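Chemist: Coordinates in coords_6.cif, mmCIF, C-alpha atoms, are listed below.
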```
data_target
#
loop_
_atom_site.label_atom_id
_atom_site.label_comp_id
_atom_site.auth_asym_id
_atom_site.auth_seq_id
_atom_site.Cartn_x
_atom_site.Cartn_y
_atom_site.Cartn_z
CA MET A 172 19.32 108.70 131.76
CA ALA A 173 22.16 110.45 133.49
CA LEU A 174 24.55 107.63 132.50
CA ALA A 175 23.54 107.91 128.86
CA GLY A 176 24.18 111.61 128.96
CA ILE A 177 27.71 111.08 130.27
CA ILE A 178 28.49 108.65 127.42
CA VAL A 179 26.93 110.77 124.69
CA LEU A 180 28.44 114.06 125.79
CA PRO A 181 32.09 113.32 124.76
CA LEU A 182 30.91 111.99 121.44
CA VAL A 183 28.95 115.11 120.83
CA LEU A 184 31.91 117.24 121.73
CA LEU A 185 34.21 115.29 119.43
CA GLN A 186 31.68 115.01 116.64
CA SER A 187 30.40 118.55 116.80
CA PRO A 188 29.63 120.19 113.45
CA GLY A 189 32.35 121.61 111.35
CA SER A 190 35.90 120.51 111.69
CA SER A 191 35.69 118.90 115.15
CA ALA A 192 35.27 115.49 113.52
CA ARG A 193 38.50 116.07 111.71
CA TYR A 194 40.20 116.82 115.06
CA TYR A 195 38.96 113.53 116.38
CA GLU A 196 40.36 111.71 113.36
CA MET A 197 43.78 113.35 113.74
CA MET A 198 43.92 112.50 117.44
CA GLY A 199 43.21 108.92 116.62
CA THR A 200 45.88 108.53 113.96
CA CYS A 201 48.53 111.25 113.86
CA ARG A 202 48.60 112.93 117.23
CA MET A 203 52.09 111.49 117.98
CA VAL A 204 53.66 113.24 114.98
CA CYS A 205 55.39 116.63 115.34
CA ASP A 206 52.34 118.43 113.91
CA PRO A 207 49.37 116.32 115.05
CA TYR A 208 46.83 118.47 113.22
CA GLY A 209 48.48 118.93 109.86
CA SER A 210 49.08 122.14 108.00
CA ASP A 211 45.72 121.95 106.22
CA LEU A 212 43.64 121.70 109.39
CA PRO A 213 42.69 124.55 111.76
CA ARG A 214 44.29 124.19 115.18
CA PRO A 215 41.95 124.13 118.18
CA ALA A 216 42.07 127.01 120.56
CA ALA A 217 43.80 126.58 123.90
CA GLY A 218 41.51 125.02 126.43
CA SER A 219 39.20 123.52 123.81
CA THR A 220 37.84 120.03 124.18
CA ALA A 221 40.11 118.55 121.44
CA THR A 222 43.25 119.99 123.04
CA ALA A 223 42.25 118.75 126.45
CA LEU A 224 41.89 115.19 125.13
CA LEU A 225 45.58 114.93 124.04
CA PRO A 226 47.45 112.58 126.43
CA ARG A 227 49.95 114.23 128.78
CA ASP A 228 52.15 113.14 131.65
CA ALA A 229 51.94 114.33 135.26
CA ASN A 230 53.71 117.59 134.32
CA GLY A 231 51.41 118.27 131.43
CA ILE A 232 53.98 117.39 128.73
CA PRO A 233 52.88 115.25 125.75
CA PRO A 234 54.70 111.93 125.34
CA PRO A 235 57.55 111.64 122.80
CA PRO A 236 56.82 110.20 119.35
CA PRO A 237 57.09 106.44 118.92
CA PRO A 238 60.46 105.05 117.79
CA MET A 239 61.04 104.73 114.08
CA ALA A 240 61.09 101.24 112.62
CA HIS A 241 64.54 99.99 111.37
CA GLY A 242 64.94 98.86 107.79
CA ARG A 243 66.89 95.87 106.55
CA ARG A 244 70.63 95.86 106.99
CA GLY A 245 72.57 96.72 103.85
CA GLY A 246 75.12 94.47 102.22
CA ALA A 247 78.88 94.63 102.81
CA GLY A 248 80.71 97.47 101.11
CA GLY A 249 83.48 97.08 98.56
CA PRO A 250 87.19 96.94 99.47
CA GLY A 251 88.81 100.17 100.52
CA ARG A 252 91.85 101.84 99.00
CA ALA A 253 95.25 100.29 99.44
CA GLY A 254 97.22 101.67 102.37
CA LYS A 255 100.61 103.36 102.19
CA PRO A 256 103.70 101.09 102.01
CA GLY A 257 105.10 100.14 105.37
CA PRO A 258 108.61 100.95 106.59
CA ARG A 259 111.60 99.06 105.20
CA GLY A 260 112.45 95.89 107.13
CA PRO A 261 115.76 95.10 108.79
CA PRO A 262 118.57 93.48 106.76
CA GLY A 263 118.43 89.72 106.36
CA ASN A 264 120.80 87.12 107.70
CA ARG A 265 124.12 86.34 106.06
CA ASP A 266 124.07 83.73 103.30
CA PRO A 267 125.55 80.51 104.77
CA ARG A 268 126.79 79.44 101.32
CA VAL A 269 129.30 82.30 101.22
CA ARG A 270 132.57 82.09 103.08
CA GLY A 271 133.84 84.97 105.12
CA ASP A 272 136.78 85.77 102.83
CA ALA A 273 134.41 86.12 99.86
CA ILE A 274 132.56 89.12 101.29
CA GLY A 275 135.03 90.44 103.84
CA SER A 276 136.95 89.36 106.90
CA ALA A 277 135.15 88.14 110.01
CA GLY A 278 133.65 91.04 111.93
CA GLY A 279 134.44 93.50 109.12
CA ASN A 280 132.38 95.18 106.46
CA ALA A 281 131.38 93.46 103.24
CA SER A 282 133.79 94.00 100.35
CA ALA A 283 133.07 94.86 96.74
CA SER A 284 132.37 91.19 95.99
CA GLN A 285 128.80 91.71 97.17
CA SER A 286 126.42 94.16 95.55
CA ALA A 287 122.73 94.89 95.71
CA ALA A 288 122.15 92.67 92.67
CA GLY A 289 124.17 89.73 94.03
CA PHE A 290 127.78 88.62 94.36
CA LYS A 291 130.51 89.74 91.99
CA VAL A 292 133.11 87.08 91.18
CA ALA A 293 135.57 87.30 88.25
CA PHE A 294 139.22 86.49 87.55
CA TYR A 295 141.66 86.84 84.67
CA VAL A 296 145.20 85.45 84.90
CA GLY A 297 148.15 84.86 82.60
CA LEU A 298 150.95 82.29 82.40
CA LYS A 299 154.49 83.64 82.87
CA ASN A 300 156.53 80.45 83.16
CA PRO A 301 156.50 77.50 80.72
CA HIS A 302 155.03 74.14 81.71
CA GLU A 303 155.20 70.68 80.20
CA GLY A 304 154.09 67.13 80.79
CA TYR A 305 151.07 66.38 82.97
CA GLU A 306 150.59 69.11 85.51
CA VAL A 307 148.22 71.88 86.57
CA LEU A 308 149.04 75.14 84.84
CA ARG A 309 149.81 77.70 87.53
CA PHE A 310 148.78 80.97 85.94
CA ASP A 311 150.94 83.27 88.06
CA ASP A 312 150.26 86.66 86.43
CA VAL A 313 147.07 87.81 88.19
CA ILE A 314 145.35 90.73 86.47
CA THR A 315 141.83 90.49 87.91
CA ASN A 316 140.72 88.55 90.97
CA LEU A 317 137.39 89.98 92.10
CA GLY A 318 136.29 87.98 95.11
CA SER A 319 139.80 86.57 95.77
CA GLN A 320 138.81 83.07 94.73
CA TYR A 321 141.74 82.31 92.41
CA ASP A 322 145.03 81.16 94.00
CA ALA A 323 148.13 81.80 91.90
CA ARG A 324 150.17 79.39 94.08
CA THR A 325 148.06 76.40 93.04
CA GLY A 326 146.63 77.64 89.73
CA LYS A 327 143.13 76.74 90.96
CA PHE A 328 139.89 78.68 91.27
CA THR A 329 138.13 77.65 94.48
CA CYS A 330 134.44 78.55 94.50
CA HIS A 331 133.01 80.47 97.47
CA VAL A 332 129.65 81.41 95.91
CA SER A 333 127.55 78.60 94.40
CA GLY A 334 126.04 79.28 90.99
CA ILE A 335 126.48 79.18 87.22
CA TYR A 336 129.93 80.23 85.98
CA PHE A 337 131.59 80.83 82.62
CA PHE A 338 135.22 79.71 82.14
CA THR A 339 137.57 80.02 79.17
CA TYR A 340 141.26 79.30 78.55
CA HIS A 341 143.82 79.81 75.79
CA VAL A 342 147.16 77.99 76.01
CA LEU A 343 149.97 78.59 73.54
CA MET A 344 151.89 75.45 72.62
CA ARG A 345 155.68 75.62 72.55
CA GLY A 346 156.49 73.42 69.57
CA GLY A 347 159.27 72.87 67.13
CA ASP A 348 159.86 69.21 67.92
CA GLY A 349 156.86 67.69 66.10
CA THR A 350 154.83 67.05 69.26
CA SER A 351 151.28 68.05 70.23
CA MET A 352 149.81 69.56 73.37
CA TRP A 353 146.56 68.84 75.19
CA ALA A 354 144.97 71.17 77.74
CA ASP A 355 141.91 70.22 79.80
CA LEU A 356 139.53 72.31 81.89
CA CYS A 357 138.89 70.29 85.05
CA LYS A 358 136.40 70.46 87.89
CA ASN A 359 137.44 68.51 90.99
CA GLY A 360 139.64 66.21 88.87
CA GLN A 361 137.03 65.59 86.16
CA VAL A 362 137.53 66.92 82.62
CA ARG A 363 134.82 69.37 81.54
CA ALA A 364 136.44 70.70 78.32
CA SER A 365 139.48 69.73 76.23
CA ALA A 366 141.62 71.31 73.52
CA ILE A 367 144.57 70.20 71.41
CA ALA A 368 147.36 72.05 69.59
CA GLN A 369 149.39 70.21 66.93
CA ASP A 370 152.93 70.95 65.74
CA ALA A 371 152.70 70.24 62.02
CA ASP A 372 154.42 72.88 59.90
CA GLN A 373 154.69 75.57 62.56
CA ASN A 374 156.35 75.94 65.92
CA TYR A 375 153.40 77.45 67.79
CA ASP A 376 149.69 76.67 68.02
CA TYR A 377 146.82 77.41 70.41
CA ALA A 378 144.64 75.09 72.43
CA SER A 379 141.45 76.92 73.47
CA ASN A 380 138.04 76.06 74.85
CA SER A 381 135.32 77.35 77.19
CA ALA A 382 132.47 76.01 79.32
CA VAL A 383 129.44 77.07 81.35
CA LEU A 384 129.34 75.09 84.59
CA HIS A 385 127.36 74.91 87.79
CA VAL A 386 129.87 75.17 90.62
CA ASP A 387 129.20 74.59 94.31
CA SER A 388 131.01 76.22 97.17
CA GLY A 389 134.32 74.42 97.67
CA ASP A 390 134.64 73.12 94.10
CA GLU A 391 137.98 73.63 92.30
CA ILE A 392 138.35 74.66 88.66
CA TYR A 393 141.73 74.60 86.87
CA VAL A 394 143.52 73.91 83.58
CA LYS A 395 145.74 70.84 83.37
CA LEU A 396 148.23 69.76 80.71
CA ASP A 397 147.68 66.26 79.35
CA GLY A 398 150.93 66.10 77.48
CA GLY A 399 153.02 68.57 75.51
CA LYS A 400 154.61 71.93 76.31
CA ALA A 401 152.91 75.23 77.21
CA HIS A 402 154.61 78.51 76.38
CA GLY A 403 154.84 81.04 79.20
CA GLY A 404 155.66 84.37 77.58
CA ASN A 405 156.74 86.36 80.65
CA ASN A 406 154.34 89.33 80.83
CA ASN A 407 152.98 89.00 77.30
CA LYS A 408 150.04 86.83 78.38
CA TYR A 409 150.08 84.44 75.44
CA SER A 410 148.38 81.84 77.67
CA THR A 411 145.41 82.98 79.78
CA PHE A 412 142.68 81.58 82.03
CA SER A 413 139.54 83.46 83.11
CA GLY A 414 136.05 83.00 84.52
CA PHE A 415 133.19 84.82 86.17
CA LEU A 416 129.89 84.24 87.93
CA LEU A 417 126.78 84.43 85.75
CA TYR A 418 123.95 83.56 88.16
CA PRO A 419 124.33 82.85 91.90
CA ASP A 420 122.12 80.18 93.41
#
```
Here is a file; write its structure as structure tokens.

Modeler:
Amino acid sequence: MALAGIIVLPLVLLQSPGSSARYYEMMGTCRMVCDPYGSDLPRPAAGSTATALLPRDANGIPPPPPPMAHGRRGGAGGPGRAGKPGPRGPPGNRDPRVRGDAIGSAGGNASASQSAAGFKVAFYVGLKNPHEGYEVLRFDDVITNLGSQYDARTGKFTCHVSGIYFFTYHVLMRGGDGTSMWADLCKNGQVRASAIAQDADQNYDYASNSAVLHVDSGDEIYVKLDGGKAHGGNNNKYSTFSGFLLYPD
């Protein structure tokens, strides 16, 4: 009988009339939450049976709430904004296709033949002295020689910068004897353009032509007579030869 009383007594205390049953329900379900009794339930007085039944440690402090459950991991985010441009890199190595005298002497600064957009190469020369027969026309009146690739001593343009070039020539024939004159634009001894001037009813006539050629470093371009007489003209530049770089390789 005494044992039955011990078992029944807590139940009676927890299930006493009124709101004690509600205290028992809260202790069984929500006592680990910050407010174990809820805002709509009356709180038990200090020292009451419901308060005494809350679990505590050796110092009388209630245990902390249980850890919260973690949800599923979210997907990867989108790409971020583009960063700021980095610093400018160091200058590149020298182009091995360009000789030293095309952009400046060895150990010196680059000359005007090199620009930010590429290499500048152009020449324009005139013929002072007359020529005849079968020989290279040595245009000895140099007006423009950007890049220093034309040699007035030989009459030849020697390429230092590989690329696409434009060349043109105009040679005045010295006639009066009923002959004709032929002038050829040559690349390394091979004819790339030809022109003829005929002495019919006049003493002078022009032989002119032009070409767009791919020229490699070391190639030679020149105008050669293939018979006839070319008029010089001192400083009047009746006969001219010119060319320039269009697109470097």

Chemist: If the PyMOL selection byres ((chain A and resi 315) around 12) is run on the structure shown, which residues does it catch, given as a PyMOL selection string?

Modeler: chain A and resi 292-297+310-314+316-323+411-415

Chemist: Using C-alpha atoms, can you write the selected residues to a file as a CSV table (one decimal), in the coordinates of the input?

Modeler:
```csv
chain,number,residue,atom,x,y,z
A,292,VAL,CA,133.1,87.1,91.2
A,293,ALA,CA,135.6,87.3,88.2
A,294,PHE,CA,139.2,86.5,87.6
A,295,TYR,CA,141.7,86.8,84.7
A,296,VAL,CA,145.2,85.4,84.9
A,297,GLY,CA,148.2,84.9,82.6
A,310,PHE,CA,148.8,81.0,85.9
A,311,ASP,CA,150.9,83.3,88.1
A,312,ASP,CA,150.3,86.7,86.4
A,313,VAL,CA,147.1,87.8,88.2
A,314,ILE,CA,145.4,90.7,86.5
A,316,ASN,CA,140.7,88.6,91.0
A,317,LEU,CA,137.4,90.0,92.1
A,318,GLY,CA,136.3,88.0,95.1
A,319,SER,CA,139.8,86.6,95.8
A,320,GLN,CA,138.8,83.1,94.7
A,321,TYR,CA,141.7,82.3,92.4
A,322,ASP,CA,145.0,81.2,94.0
A,323,ALA,CA,148.1,81.8,91.9
A,411,THR,CA,145.4,83.0,79.8
A,412,PHE,CA,142.7,81.6,82.0
A,413,SER,CA,139.5,83.5,83.1
A,414,GLY,CA,136.0,83.0,84.5
A,415,PHE,CA,133.2,84.8,86.2
```

Chemist: Quick one: of A:Ser388, A:Asn300, A:Thr325, A:Ser410, who's nearest to A:Val342, counting only C-alpha atoms?

Modeler: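 Of all the options, A:Ser410 lies closest to A:Val342.
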
Chemist: Rank nothing, just name the residue among A:Ser333, A:Gly304, A:Asp387, A:Tyr393 nearest to A:Thr350, using only C-alpha atoms.

Modeler: A:Gly304

Chemist: Using only C-alpha atoms, which residues sit within 8 Å of A:Gly404 once same-chain residues fewer than 3 positions away are excluded, as a compact mmCIF listing (two decimals) with C-alpha atoms, keeping the file's coordinate frame?

Modeler:
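Saved file around33.txt follows:
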```txt
# COMPACT_ATOMS: atom_id res chain seq x y z
CA LEU A 298 150.95 82.29 82.40
CA LYS A 299 154.49 83.64 82.87
CA ASN A 300 156.53 80.45 83.16
CA PRO A 301 156.50 77.50 80.72
CA ASN A 407 152.98 89.00 77.30
CA LYS A 408 150.04 86.83 78.38
CA TYR A 409 150.08 84.44 75.44
CA SER A 410 148.38 81.84 77.67
```

Chemist: The PyMOL selection byres ((chain A and resi 339) around 9) on the file shown: which residues, as number ranges by chain?

Modeler: A: 337-338, 340-341, 356, 379-383, 411-414

Chemist: Store the residues of this selection in a file with C-alpha atoms, as an mmCIF file, in the coordinates of the input.

Modeler:
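Output contents, as saved in part-v8.cif:
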```cif
data_model
loop_
_atom_site.group_PDB
_atom_site.id
_atom_site.type_symbol
_atom_site.label_atom_id
_atom_site.label_comp_id
_atom_site.auth_asym_id
_atom_site.auth_seq_id
_atom_site.Cartn_x
_atom_site.Cartn_y
_atom_site.Cartn_z
ATOM 1 C CA PHE A 337 131.590 80.830 82.620
ATOM 2 C CA PHE A 338 135.220 79.710 82.140
ATOM 3 C CA TYR A 340 141.260 79.300 78.550
ATOM 4 C CA HIS A 341 143.820 79.810 75.790
ATOM 5 C CA LEU A 356 139.530 72.310 81.890
ATOM 6 C CA SER A 379 141.450 76.920 73.470
ATOM 7 C CA ASN A 380 138.040 76.060 74.850
ATOM 8 C CA SER A 381 135.320 77.350 77.190
ATOM 9 C CA ALA A 382 132.470 76.010 79.320
ATOM 10 C CA VAL A 383 129.440 77.070 81.350
ATOM 11 C CA THR A 411 145.410 82.980 79.780
ATOM 12 C CA PHE A 412 142.680 81.580 82.030
ATOM 13 C CA SER A 413 139.540 83.460 83.110
ATOM 14 C CA GLY A 414 136.050 83.000 84.520
#
```

Chemist: Report, in Å with one decimal, the straight-line distance from atom CA of A:Asp355 to atom CA of A:Arg324.

Modeler: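 So the answer is 18.9 Å.
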
Chemist: I need the residue set behind the PyMOL selection byres ((chain A and resi 400) around 9) for this file; please write it as a PyMOL selection string.

Modeler: chain A and resi 301-304+343-346+350-353+396+398-399+401-402

Chemist: Quick one: distance from atom CA of A:Leu417 to atom CA of A:Ile367 in Å, one decimal?

Modeler: 26.9 Å

Chemist: Which is closer to A:Phe328 than all the others in A:Gly360, A:Pro235, A:Gly349, A:Gly389, using only C-alpha atoms?

Modeler: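 Smallest distance to A:Phe328 is found for A:Gly389.
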
Chemist: Report, in Å to a single decimal, how far apart atom CA of A:Asn406 and atom CA of A:Val394 are.

Modeler: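 Computed distance, atom CA of A:Val394 to atom CA of A:Asn406, equals 19.0 Å.
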
Chemist: Smallest atom-to-atom distance to A:Glu391: which of A:His241, A:Lys255, A:Lys358, A:His331, using all atoms listed in the file?

Modeler: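 Nearest candidate to A:Glu391 out of A:His241, A:Lys255, A:Lys358, A:His331: A:Lys358.
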
Chemist: Draw an axis-aligned box over all listed atoms of stretch 243-261 of chain A, pad each side with 6 Å, and write its centre and edge lengths in Å, one decimal, as AutoDock Vina command-line options.

Modeler:
```
--center_x 91.3 --center_y 98.9 --center_z 103.7 --size_x 60.9 --size_y 20.9 --size_z 22.2
```

Chemist: Using all atoms listed in the file, can you tell me which of A:Ala253, A:Ala364, A:Met239, A:Cys357 comes closest to A:Leu308?

Modeler: A:Cys357
